>>> print(open('input.cif').read())   # mmCIF, C-alpha atoms
data_entry
#
loop_
_atom_site.group_PDB
_atom_site.id
_atom_site.type_symbol
_atom_site.label_atom_id
_atom_site.label_comp_id
_atom_site.auth_asym_id
_atom_site.auth_seq_id
_atom_site.Cartn_x
_atom_site.Cartn_y
_atom_site.Cartn_z
ATOM 1 C CA MET A 1498 35.283 -14.206 0.690
ATOM 2 C CA LEU A 1499 33.380 -15.086 3.876
ATOM 3 C CA ILE A 1500 29.759 -13.866 3.651
ATOM 4 C CA LEU A 1501 27.156 -13.833 6.385
ATOM 5 C CA ALA A 1502 23.631 -13.718 4.940
ATOM 6 C CA CYS A 1503 20.589 -13.018 7.136
ATOM 7 C CA ASP A 1504 16.869 -12.901 6.447
ATOM 8 C CA THR A 1505 14.723 -11.842 9.407
ATOM 9 C CA THR A 1506 11.762 -10.563 7.388
ATOM 10 C CA SER A 1507 9.540 -13.602 8.080
ATOM 11 C CA GLU A 1508 9.412 -16.929 9.886
ATOM 12 C CA TYR A 1509 10.815 -18.515 6.724
ATOM 13 C CA GLY A 1510 14.206 -16.844 7.058
ATOM 14 C CA GLY A 1511 17.366 -17.575 8.991
ATOM 15 C CA ALA A 1512 21.093 -17.094 8.559
ATOM 16 C CA ALA A 1513 23.899 -18.759 6.621
ATOM 17 C CA LEU A 1514 27.659 -18.533 6.122
ATOM 18 C CA TYR A 1515 29.144 -18.735 2.639
ATOM 19 C CA ARG A 1516 32.667 -18.942 1.303
ATOM 20 C CA ASP A 1517 31.959 -17.126 -1.940
ATOM 21 C CA LEU A 1518 29.020 -19.213 -3.209
ATOM 22 C CA ASP A 1519 29.737 -22.356 -1.177
ATOM 23 C CA CYS A 1520 27.471 -22.720 1.853
ATOM 24 C CA LEU A 1521 29.485 -23.578 4.970
ATOM 25 C CA ALA A 1522 26.598 -23.615 7.453
ATOM 26 C CA ALA A 1523 22.948 -22.588 7.474
ATOM 27 C CA ALA A 1524 20.094 -22.378 9.961
ATOM 28 C CA ARG A 1525 16.381 -21.739 9.468
ATOM 29 C CA SER A 1526 14.407 -19.730 11.970
ATOM 30 C CA ALA A 1527 11.778 -21.198 14.252
ATOM 31 C CA SER A 1528 9.632 -18.050 14.451
ATOM 32 C CA ALA A 1529 9.725 -14.507 13.082
ATOM 33 C CA ALA A 1530 8.846 -13.160 16.528
ATOM 34 C CA SER A 1531 12.012 -14.566 18.097
ATOM 35 C CA TYR A 1532 14.746 -13.044 15.910
ATOM 36 C CA SER A 1533 15.636 -10.433 18.518
ATOM 37 C CA VAL A 1534 16.435 -13.328 20.852
ATOM 38 C CA THR A 1535 17.717 -16.035 18.502
ATOM 39 C CA LEU A 1536 19.589 -14.287 15.689
ATOM 40 C CA PHE A 1537 22.809 -13.692 17.590
ATOM 41 C CA GLN A 1538 22.928 -17.224 18.998
ATOM 42 C CA MET A 1539 22.142 -18.556 15.525
ATOM 43 C CA VAL A 1540 25.098 -16.664 14.049
ATOM 44 C CA ASP A 1541 27.438 -17.790 16.836
ATOM 45 C CA ASP A 1542 26.427 -21.408 16.184
ATOM 46 C CA LEU A 1543 27.023 -21.014 12.434
ATOM 47 C CA LEU A 1544 30.498 -19.595 13.008
ATOM 48 C CA ALA A 1545 31.347 -22.439 15.388
ATOM 49 C CA GLN A 1546 30.000 -25.065 12.972
ATOM 50 C CA ALA A 1547 31.789 -23.663 9.936
ATOM 51 C CA GLY A 1548 35.002 -23.187 11.901
ATOM 52 C CA ALA A 1549 34.953 -26.744 13.202
ATOM 53 C CA GLN A 1550 34.557 -28.096 9.674
ATOM 54 C CA GLN A 1551 37.661 -26.212 8.565
ATOM 55 C CA GLY A 1552 39.717 -26.610 11.714
ATOM 56 C CA LEU A 1553 39.488 -22.868 12.359
ATOM 57 C CA SER A 1554 38.204 -20.580 15.066
ATOM 58 C CA LEU A 1555 35.855 -18.224 13.243
ATOM 59 C CA SER A 1556 34.275 -15.077 14.666
ATOM 60 C CA LEU A 1557 32.274 -12.174 13.302
ATOM 61 C CA ARG A 1558 35.561 -10.359 12.770
ATOM 62 C CA ASP A 1559 36.365 -12.891 10.032
ATOM 63 C CA VAL A 1560 33.225 -12.086 8.030
ATOM 64 C CA GLU A 1561 34.185 -9.996 5.001
ATOM 65 C CA LEU A 1562 30.717 -9.099 3.708
ATOM 66 C CA PHE A 1563 27.364 -8.838 5.468
ATOM 67 C CA ALA A 1564 24.245 -9.476 3.377
ATOM 68 C CA VAL A 1565 20.776 -8.817 4.759
ATOM 69 C CA ALA A 1566 17.167 -8.958 3.559
ATOM 70 C CA THR A 1567 15.636 -5.486 3.720
ATOM 71 C CA GLY A 1568 11.946 -6.398 3.310
ATOM 72 C CA PRO A 1569 9.103 -6.263 2.705
ATOM 73 C CA GLY A 1570 7.859 -8.408 5.560
ATOM 74 C CA SER A 1571 7.604 -8.242 9.329
ATOM 75 C CA PHE A 1572 8.388 -4.693 10.461
ATOM 76 C CA THR A 1573 9.970 -5.904 13.703
ATOM 77 C CA GLY A 1574 11.916 -8.623 11.917
ATOM 78 C CA ILE A 1575 13.247 -6.209 9.291
ATOM 79 C CA ARG A 1576 14.484 -3.840 11.980
ATOM 80 C CA VAL A 1577 16.248 -6.628 13.863
ATOM 81 C CA GLY A 1578 18.125 -7.830 10.792
ATOM 82 C CA LEU A 1579 19.092 -4.376 9.561
ATOM 83 C CA ALA A 1580 20.235 -3.203 12.999
ATOM 84 C CA ALA A 1581 22.391 -6.305 13.428
ATOM 85 C CA ALA A 1582 23.967 -6.046 9.959
ATOM 86 C CA GLN A 1583 24.639 -2.328 10.400
ATOM 87 C CA ALA A 1584 26.197 -2.846 13.821
ATOM 88 C CA TRP A 1585 28.435 -5.698 12.664
ATOM 89 C CA ALA A 1586 29.531 -3.877 9.516
ATOM 90 C CA LYS A 1587 30.341 -0.743 11.480
ATOM 91 C CA ALA A 1588 32.112 -2.546 14.325
ATOM 92 C CA PHE A 1589 34.356 -4.565 12.020
ATOM 93 C CA GLN A 1590 34.596 -1.985 9.209
ATOM 94 C CA ARG A 1591 33.150 -4.331 6.629
ATOM 95 C CA PRO A 1592 30.868 -3.667 3.650
ATOM 96 C CA VAL A 1593 27.193 -4.571 3.761
ATOM 97 C CA TRP A 1594 24.589 -5.144 1.062
ATOM 98 C CA GLY A 1595 20.818 -5.055 1.418
ATOM 99 C CA VAL A 1596 18.634 -7.259 -0.778
ATOM 100 C CA SER A 1597 14.862 -6.945 -1.036
ATOM 101 C CA VAL A 1598 12.843 -10.121 -0.572
ATOM 102 C CA LEU A 1599 11.209 -9.569 -3.966
ATOM 103 C CA GLU A 1600 14.574 -9.245 -5.707
ATOM 104 C CA ALA A 1601 15.801 -12.392 -3.980
ATOM 105 C CA MET A 1602 12.696 -14.284 -5.143
ATOM 106 C CA VAL A 1603 13.408 -13.357 -8.769
ATOM 107 C CA GLU A 1604 17.082 -14.279 -8.391
ATOM 108 C CA GLU A 1605 16.247 -17.652 -6.898
ATOM 109 C CA ALA A 1606 13.535 -18.494 -9.435
ATOM 110 C CA SER A 1607 15.586 -17.291 -12.433
ATOM 111 C CA PRO A 1608 12.640 -17.422 -14.900
ATOM 112 C CA ASP A 1609 13.222 -17.549 -18.653
ATOM 113 C CA THR A 1610 10.634 -14.888 -19.533
ATOM 114 C CA GLU A 1611 11.269 -11.221 -20.230
ATOM 115 C CA LEU A 1612 9.259 -10.045 -17.233
ATOM 116 C CA ALA A 1613 9.167 -11.413 -13.686
ATOM 117 C CA VAL A 1614 6.585 -10.452 -11.064
ATOM 118 C CA PRO A 1615 7.228 -11.758 -7.536
ATOM 119 C CA LEU A 1616 4.065 -11.926 -5.410
ATOM 120 C CA LEU A 1617 4.087 -11.972 -1.611
ATOM 121 C CA ASP A 1618 1.243 -11.998 0.905
ATOM 122 C CA ALA A 1619 1.160 -8.547 2.528
ATOM 123 C CA ARG A 1620 -1.671 -9.415 4.939
ATOM 124 C CA ARG A 1621 -4.775 -7.190 5.210
ATOM 125 C CA GLY A 1622 -6.019 -8.867 2.015
ATOM 126 C CA GLU A 1623 -3.210 -7.324 -0.081
ATOM 127 C CA PHE A 1624 -0.069 -8.485 -1.898
ATOM 128 C CA PHE A 1625 3.393 -7.063 -2.375
ATOM 129 C CA LEU A 1626 4.694 -7.178 -5.942
ATOM 130 C CA GLU A 1627 7.333 -5.715 -8.183
ATOM 131 C CA THR A 1628 7.970 -5.846 -11.926
ATOM 132 C CA SER A 1629 11.459 -6.846 -13.074
ATOM 133 C CA ARG A 1630 12.672 -6.945 -16.678
ATOM 134 C CA ARG A 1631 15.462 -9.099 -18.063
ATOM 135 C CA ARG A 1632 18.345 -6.968 -19.314
ATOM 136 C CA ALA A 1633 21.818 -7.652 -20.633
ATOM 137 C CA ALA A 1634 24.301 -5.999 -18.294
ATOM 138 C CA GLU A 1635 28.027 -6.451 -17.760
ATOM 139 C CA GLY A 1636 28.347 -9.645 -19.728
ATOM 140 C CA ARG A 1637 25.296 -11.491 -18.418
ATOM 141 C CA SER A 1638 21.522 -11.415 -18.437
ATOM 142 C CA ARG A 1639 19.941 -10.245 -15.192
ATOM 143 C CA PHE A 1640 16.622 -8.914 -13.957
ATOM 144 C CA VAL A 1641 16.294 -5.248 -13.033
ATOM 145 C CA ALA A 1642 13.317 -3.862 -11.111
ATOM 146 C CA GLU A 1643 11.215 -1.317 -12.979
ATOM 147 C CA GLY A 1644 9.766 1.438 -10.829
ATOM 148 C CA GLU A 1645 8.615 1.145 -7.237
ATOM 149 C CA GLY A 1646 7.121 -1.938 -5.628
ATOM 150 C CA LEU A 1647 3.341 -2.051 -5.263
ATOM 151 C CA VAL A 1648 0.785 -3.186 -2.709
ATOM 152 C CA LEU A 1649 -2.385 -4.341 -4.490
ATOM 153 C CA LYS A 1650 -5.606 -6.091 -3.641
ATOM 154 C CA PRO A 1651 -6.416 -9.297 -5.579
ATOM 155 C CA GLU A 1652 -9.136 -7.594 -7.613
ATOM 156 C CA ASN A 1653 -6.558 -5.149 -9.014
ATOM 157 C CA LEU A 1654 -3.883 -7.710 -9.818
ATOM 158 C CA GLY A 1655 -5.618 -9.075 -12.899
ATOM 159 C CA SER A 1656 -5.813 -5.731 -14.661
ATOM 160 C CA PHE A 1657 -2.233 -4.886 -13.676
ATOM 161 C CA LEU A 1658 -0.880 -8.121 -15.155
ATOM 162 C CA ALA A 1659 -3.118 -7.802 -18.222
ATOM 163 C CA ARG A 1660 -1.449 -4.480 -19.005
ATOM 164 C CA LEU A 1661 1.969 -6.138 -18.798
ATOM 165 C CA LEU A 1662 0.843 -8.875 -21.184
ATOM 166 C CA GLN A 1663 -0.430 -6.290 -23.685
ATOM 167 C CA SER A 1664 3.175 -5.294 -24.330
ATOM 168 C CA GLY A 1665 3.721 -8.706 -25.886
ATOM 169 C CA ALA A 1666 6.255 -9.778 -23.274
ATOM 170 C CA ALA A 1667 6.005 -13.140 -21.539
ATOM 171 C CA VAL A 1668 5.423 -12.852 -17.787
ATOM 172 C CA THR A 1669 6.315 -15.177 -14.923
ATOM 173 C CA CYS A 1670 4.704 -14.721 -11.523
ATOM 174 C CA ILE A 1671 6.892 -15.971 -8.683
ATOM 175 C CA VAL A 1672 5.599 -17.179 -5.319
ATOM 176 C CA ARG A 1673 7.168 -18.858 -2.294
ATOM 177 C CA GLU A 1674 6.248 -22.453 -1.463
ATOM 178 C CA HIS A 1675 4.706 -21.580 1.914
ATOM 179 C CA ASP A 1676 2.656 -18.627 0.610
ATOM 180 C CA ARG A 1677 -0.697 -20.322 -0.006
ATOM 181 C CA LEU A 1678 -2.613 -17.074 -0.506
ATOM 182 C CA ALA A 1679 -0.224 -15.930 -3.254
ATOM 183 C CA GLN A 1680 -0.403 -19.356 -4.887
ATOM 184 C CA ALA A 1681 -4.203 -19.240 -4.824
ATOM 185 C CA LEU A 1682 -4.146 -16.138 -7.042
ATOM 186 C CA ARG A 1683 -3.277 -18.318 -10.023
ATOM 187 C CA ALA A 1684 -6.889 -19.401 -10.497
ATOM 188 C CA SER A 1685 -8.093 -15.825 -11.031
ATOM 189 C CA LEU A 1686 -5.242 -14.420 -13.146
ATOM 190 C CA PRO A 1687 -4.699 -14.615 -16.938
ATOM 191 C CA GLU A 1688 -3.945 -18.161 -18.116
ATOM 192 C CA SER A 1689 -1.056 -17.015 -20.299
ATOM 193 C CA ILE A 1690 1.002 -16.081 -17.231
ATOM 194 C CA ARG A 1691 3.693 -18.578 -16.278
ATOM 195 C CA TRP A 1692 4.349 -19.497 -12.651
ATOM 196 C CA ALA A 1693 7.441 -20.362 -10.629
ATOM 197 C CA GLU A 1694 7.688 -21.457 -7.005
ATOM 198 C CA VAL A 1695 10.652 -20.690 -4.759
ATOM 199 C CA ARG A 1696 11.405 -23.382 -2.199
ATOM 200 C CA GLY A 1697 13.304 -23.043 1.065
ATOM 201 C CA THR A 1698 14.926 -19.860 2.306
ATOM 202 C CA LEU A 1699 16.125 -16.946 0.208
ATOM 203 C CA LEU A 1700 19.576 -16.993 1.828
ATOM 204 C CA PRO A 1701 21.420 -18.431 -1.228
ATOM 205 C CA ALA A 1702 19.994 -15.676 -3.450
ATOM 206 C CA ILE A 1703 20.793 -12.982 -0.892
ATOM 207 C CA ALA A 1704 24.403 -14.166 -0.678
ATOM 208 C CA ARG A 1705 24.767 -14.374 -4.485
ATOM 209 C CA LEU A 1706 23.397 -10.879 -5.033
ATOM 210 C CA ALA A 1707 25.619 -9.444 -2.299
ATOM 211 C CA LEU A 1708 28.731 -11.092 -3.749
ATOM 212 C CA GLU A 1709 27.832 -9.817 -7.221
ATOM 213 C CA ALA A 1710 27.399 -6.291 -5.847
ATOM 214 C CA TYR A 1711 30.755 -6.524 -4.082
ATOM 215 C CA ARG A 1712 32.532 -7.651 -7.246
ATOM 216 C CA ARG A 1713 30.953 -4.745 -9.127
ATOM 217 C CA GLY A 1714 32.077 -2.288 -6.458
ATOM 218 C CA ARG A 1715 28.523 -1.452 -5.385
ATOM 219 C CA VAL A 1716 28.454 -2.458 -1.714
ATOM 220 C CA GLN A 1717 27.064 -0.096 0.906
ATOM 221 C CA SER A 1718 28.221 1.444 4.135
ATOM 222 C CA PRO A 1719 26.152 0.772 7.294
ATOM 223 C CA ALA A 1720 24.603 4.248 7.027
ATOM 224 C CA GLU A 1721 23.450 3.675 3.433
ATOM 225 C CA ILE A 1722 21.462 0.503 3.986
ATOM 226 C CA ASP A 1723 17.721 1.037 4.395
ATOM 227 C CA ALA A 1724 14.537 -0.934 5.005
ATOM 228 C CA TYR A 1725 12.149 -1.767 2.172
ATOM 229 C CA TYR A 1726 8.843 -1.488 4.009
ATOM 230 C CA MET A 1727 6.564 -0.520 1.070
ATOM 231 C CA ARG A 1728 3.905 0.676 3.523
ATOM 232 C CA ARG A 1729 3.760 2.080 7.036
ATOM 233 C CA PRO A 1730 3.323 -0.202 10.078
ATOM 234 C CA ASP A 1731 -0.060 -0.339 11.827
ATOM 235 C CA ALA A 1732 1.160 1.756 14.765
ATOM 236 C CA GLU A 1733 2.204 4.620 12.504
ATOM 237 C CA VAL A 1734 -0.987 4.418 10.440
ATOM 238 C CA LYS A 1735 -3.147 4.602 13.561
ATOM 239 C CA TRP A 1736 -1.054 7.421 15.006
ATOM 240 C CA ARG A 1737 -1.443 9.495 11.818
ATOM 241 C CA GLU A 1738 -5.192 8.856 11.772
#
>>> encode(input="input.cif", output="structure tokens")
Amino acid sequence: MLILACDTTSEYGGAALYRDLDCLAAARSASAASYSVTLFQMVDDLLAQAGAQQGLSLSLRDVELFAVATGPGSFTGIRVGLAAAQAWAKAFQRPVWGVSVLEAMVEEASPDTELAVPLLDARRGEFFLETSRRRAAEGRSRFVAEGEGLVLKPENLGSFLARLLQSGAAVTCIVREHDRLAQALRASLPESIRWAEVRGTLLPAIARLALEAYRRGRVQSPAEIDAYYMRRPDAEVKWRE
């Protein structure tokens, strides 16, 4: 199955082509602000590169599954990625699967604790996070998000994580290698928490989760896919005020 995975939620995203779980070609972005200009050229270059390696002429019509990061992250970037994935899936009548950045972080880190808490700088002195619990499902162990994602200030994170630890479950906090503010939280949080760092892009995890969803018959139509903002953009907040 030919999968096109895209992450336009931050400057640490990009796009990649996979044949099942084998990466055929990948490209990292230069800037989150440029996705509306660069994404389509990036995808064209990936198709040309992967096609040349296989002696084929590949186009978007050959993609069998579109996988896209749904957020949280840059509001403009999220919209660019979702709009592109929806348009391609609709034009070529292909399935699409949306993956949250937090879910992809847990998938990529694959911690060995019962609970996983991905942490992501949300700007404005706040952090995005989500609690996922390891569960046995359909023949394998996987993490499943519990409840809605949260946006918390650093002073509230300690008490939140302390409550998780009171259940007796081991907890791993997951951060991305470039996210220095999230990494700095370690000094002020309970020492019993374990830590994992995700390096590079989240594209491999996004592709894996999309392929798993497809094999389980859970893929989405273009109309079903939705953004995972977690909070309103500044323009909307100011307008409501």
>>> resolve_selection(input="input.cif", expression="the PyMOL selection byres ((chain A and resi 1646) around 12)", output="ChimeraX atom specification")
/A:1568-1569,1597-1600,1614-1617,1624-1629,1642-1645,1647-1649,1725-1728
>>> residues_near_point(input="input.cif", point="(7.7, -15.0, -11.1)", cutoff="8 Å", atoms="all atoms listed in the file", output="PDB file with C-alpha atoms, in the coordinates of the input")
ATOM      1  CA  MET A1602      12.696 -14.284  -5.143  1.00  0.00           C
ATOM      2  CA  VAL A1603      13.408 -13.357  -8.769  1.00  0.00           C
ATOM      3  CA  ALA A1606      13.535 -18.494  -9.435  1.00  0.00           C
ATOM      4  CA  PRO A1608      12.640 -17.422 -14.900  1.00  0.00           C
ATOM      5  CA  ALA A1613       9.167 -11.413 -13.686  1.00  0.00           C
ATOM      6  CA  VAL A1614       6.585 -10.452 -11.064  1.00  0.00           C
ATOM      7  CA  PRO A1615       7.228 -11.758  -7.536  1.00  0.00           C
ATOM      8  CA  LEU A1616       4.065 -11.926  -5.410  1.00  0.00           C
ATOM      9  CA  VAL A1668       5.423 -12.852 -17.787  1.00  0.00           C
ATOM     10  CA  THR A1669       6.315 -15.177 -14.923  1.00  0.00           C
ATOM     11  CA  CYS A1670       4.704 -14.721 -11.523  1.00  0.00           C
ATOM     12  CA  ILE A1671       6.892 -15.971  -8.683  1.00  0.00           C
ATOM     13  CA  VAL A1672       5.599 -17.179  -5.319  1.00  0.00           C
ATOM     14  CA  ARG A1691       3.693 -18.578 -16.278  1.00  0.00           C
ATOM     15  CA  TRP A1692       4.349 -19.497 -12.651  1.00  0.00           C
ATOM     16  CA  ALA A1693       7.441 -20.362 -10.629  1.00  0.00           C
ATOM     17  CA  GLU A1694       7.688 -21.457  -7.005  1.00  0.00           C
TER      18      GLU A1694
END
>>> resolve_selection(input="input.cif", expression="the PyMOL selection byres ((chain A and resi 1640) around 6)", output="JSON list (two decimals) with C-alpha atoms, in the frame of the given file")
[["chain", "number", "residue", "atom", "x", "y", "z"],
["A", 1629, "SER", "CA", 11.46, -6.85, -13.07],
["A", 1630, "ARG", "CA", 12.67, -6.94, -16.68],
["A", 1631, "ARG", "CA", 15.46, -9.10, -18.06],
["A", 1632, "ARG", "CA", 18.34, -6.97, -19.31],
["A", 1639, "ARG", "CA", 19.94, -10.24, -15.19],
["A", 1641, "VAL", "CA", 16.29, -5.25, -13.03]]
>>> closest_residue(input="input.cif", among="A:Ser1718, A:Ser1556, A:Ser1685, A:Ser1507", to="Glu1652 of chain A", atoms="only C-alpha atoms")
A:Ser1685
>>> resolve_selection(input="input.cif", expression="the PyMOL selection byres ((chain A and resi 1723) around 12)", output="NGL selection string")
:A and (1565-1569 or 1575-1576 or 1578-1580 or 1582-1583 or 1593-1597 or 1717-1722 or 1724-1727)
>>> closest_residue(input="input.cif", among="A:Pro1687, A:Ala1581, A:Leu1562, A:Leu1553", to="Val1540 of chain A", atoms="only C-alpha atoms")
A:Ala1581
>>> closest_residue(input="input.cif", among="A:Leu1543, A:Ala1707, A:Leu1678, A:Val1534", to="Ala1513 of chain A", atoms="only C-alpha atoms")
A:Leu1543
>>> closest_residue(input="input.cif", among="A:Tyr1711, A:Phe1589, A:Thr1610, A:Tyr1509", to="Val1695 of chain A", atoms="all atoms listed in the file")
A:Tyr1509
>>> atom_distance(input="input.cif", atom1="atom CA of Tyr1532 of chain A", atom2="atom CA of Gly1574 of chain A")
6.6 Å
>>> atom_distance(input="input.cif", atom1="atom CA of Phe1563 of chain A", atom2="atom CA of Gln1590 of chain A")
10.6 Å
>>> atom_distance(input="input.cif", atom1="atom CA of Leu1499 of chain A", atom2="atom CA of Gly1714 of chain A")
16.5 Å
>>> closest_residue(input="input.cif", among="A:Ala1502, A:Ala1522, A:Leu1555, A:Val1560", to="Leu1699 of chain A", atoms="only C-alpha atoms")
A:Ala1502
>>> closest_residue(input="input.cif", among="A:Arg1591, A:Leu1682, A:Arg1660, A:Ala1667", to="Gly1622 of chain A", atoms="only C-alpha atoms")
A:Leu1682
>>> residues_around(input="input.cif", residues="Ala1524 of chain A", least_positions_apart="4", cutoff="10 Å", atoms="all atoms listed in the file", output="NGL selection string")
:A and (1503 or 1510-1514 or 1536 or 1539-1540 or 1542-1543 or 1698 or 1700)
>>> decode(input="input.cif", residues="segment 1580-1607 of chain A", atoms="N, CA and C atoms", output="short mmCIF file (atom, residue, chain, number, x, y, z; two decimals), in the first residue's frame")
data_model
loop_
_atom_site.label_atom_id
_atom_site.label_comp_id
_atom_site.auth_asym_id
_atom_site.auth_seq_id
_atom_site.Cartn_x
_atom_site.Cartn_y
_atom_site.Cartn_z
N ALA A 1580 -6.50 20.54 4.66
CA ALA A 1580 -7.14 20.89 3.40
C ALA A 1580 -6.54 20.10 2.24
N ALA A 1581 -5.21 19.95 2.26
CA ALA A 1581 -4.55 19.20 1.19
C ALA A 1581 -4.96 17.73 1.22
N ALA A 1582 -4.91 17.11 2.42
CA ALA A 1582 -5.26 15.70 2.54
C ALA A 1582 -6.72 15.46 2.15
N GLN A 1583 -7.60 16.34 2.58
CA GLN A 1583 -9.02 16.20 2.23
C GLN A 1583 -9.23 16.33 0.73
N ALA A 1584 -8.56 17.29 0.11
CA ALA A 1584 -8.72 17.50 -1.32
C ALA A 1584 -8.20 16.31 -2.12
N TRP A 1585 -7.01 15.82 -1.74
CA TRP A 1585 -6.45 14.66 -2.45
C TRP A 1585 -7.32 13.43 -2.29
N ALA A 1586 -7.75 13.17 -1.05
CA ALA A 1586 -8.57 11.98 -0.80
C ALA A 1586 -9.88 12.05 -1.57
N LYS A 1587 -10.47 13.23 -1.62
CA LYS A 1587 -11.73 13.38 -2.34
C LYS A 1587 -11.53 13.27 -3.84
N ALA A 1588 -10.48 13.90 -4.37
CA ALA A 1588 -10.24 13.90 -5.80
C ALA A 1588 -9.96 12.50 -6.34
N PHE A 1589 -9.22 11.71 -5.56
CA PHE A 1589 -8.83 10.39 -6.03
C PHE A 1589 -9.60 9.26 -5.36
N GLN A 1590 -10.62 9.63 -4.58
CA GLN A 1590 -11.50 8.66 -3.91
C GLN A 1590 -10.67 7.65 -3.11
N ARG A 1591 -9.85 8.21 -2.23
CA ARG A 1591 -8.99 7.39 -1.39
C ARG A 1591 -9.33 7.65 0.08
N PRO A 1592 -9.04 6.70 0.95
CA PRO A 1592 -9.26 6.92 2.38
C PRO A 1592 -8.20 7.84 2.96
N VAL A 1593 -8.52 8.45 4.10
CA VAL A 1593 -7.60 9.33 4.78
C VAL A 1593 -7.68 9.04 6.27
N TRP A 1594 -6.58 9.30 6.98
CA TRP A 1594 -6.58 9.07 8.43
C TRP A 1594 -5.83 10.21 9.10
N GLY A 1595 -6.48 10.82 10.09
CA GLY A 1595 -5.86 11.90 10.85
C GLY A 1595 -5.25 11.39 12.13
N VAL A 1596 -4.06 11.86 12.44
CA VAL A 1596 -3.32 11.43 13.64
C VAL A 1596 -2.93 12.67 14.44
N SER A 1597 -3.26 12.71 15.71
CA SER A 1597 -2.85 13.85 16.51
C SER A 1597 -1.34 13.78 16.76
N VAL A 1598 -0.73 14.95 16.93
CA VAL A 1598 0.70 15.01 17.21
C VAL A 1598 1.02 14.29 18.51
N LEU A 1599 0.15 14.43 19.50
CA LEU A 1599 0.39 13.78 20.80
C LEU A 1599 0.34 12.26 20.68
N GLU A 1600 -0.62 11.76 19.91
CA GLU A 1600 -0.70 10.31 19.69
C GLU A 1600 0.53 9.81 18.96
N ALA A 1601 0.99 10.57 17.97
CA ALA A 1601 2.18 10.18 17.22
C ALA A 1601 3.42 10.17 18.10
N MET A 1602 3.50 11.10 19.04
CA MET A 1602 4.64 11.12 19.97
C MET A 1602 4.67 9.86 20.83
N VAL A 1603 3.52 9.44 21.31
CA VAL A 1603 3.46 8.21 22.12
C VAL A 1603 3.82 7.00 21.27
N GLU A 1604 3.29 6.94 20.06
CA GLU A 1604 3.59 5.83 19.15
C GLU A 1604 5.08 5.74 18.86
N GLU A 1605 5.70 6.88 18.62
CA GLU A 1605 7.12 6.88 18.27
C GLU A 1605 8.00 6.53 19.47
N ALA A 1606 7.63 7.04 20.65
CA ALA A 1606 8.42 6.76 21.85
C ALA A 1606 8.25 5.33 22.35
N SER A 1607 7.04 4.80 22.22
CA SER A 1607 6.71 3.44 22.65
C SER A 1607 7.26 3.12 24.04
#
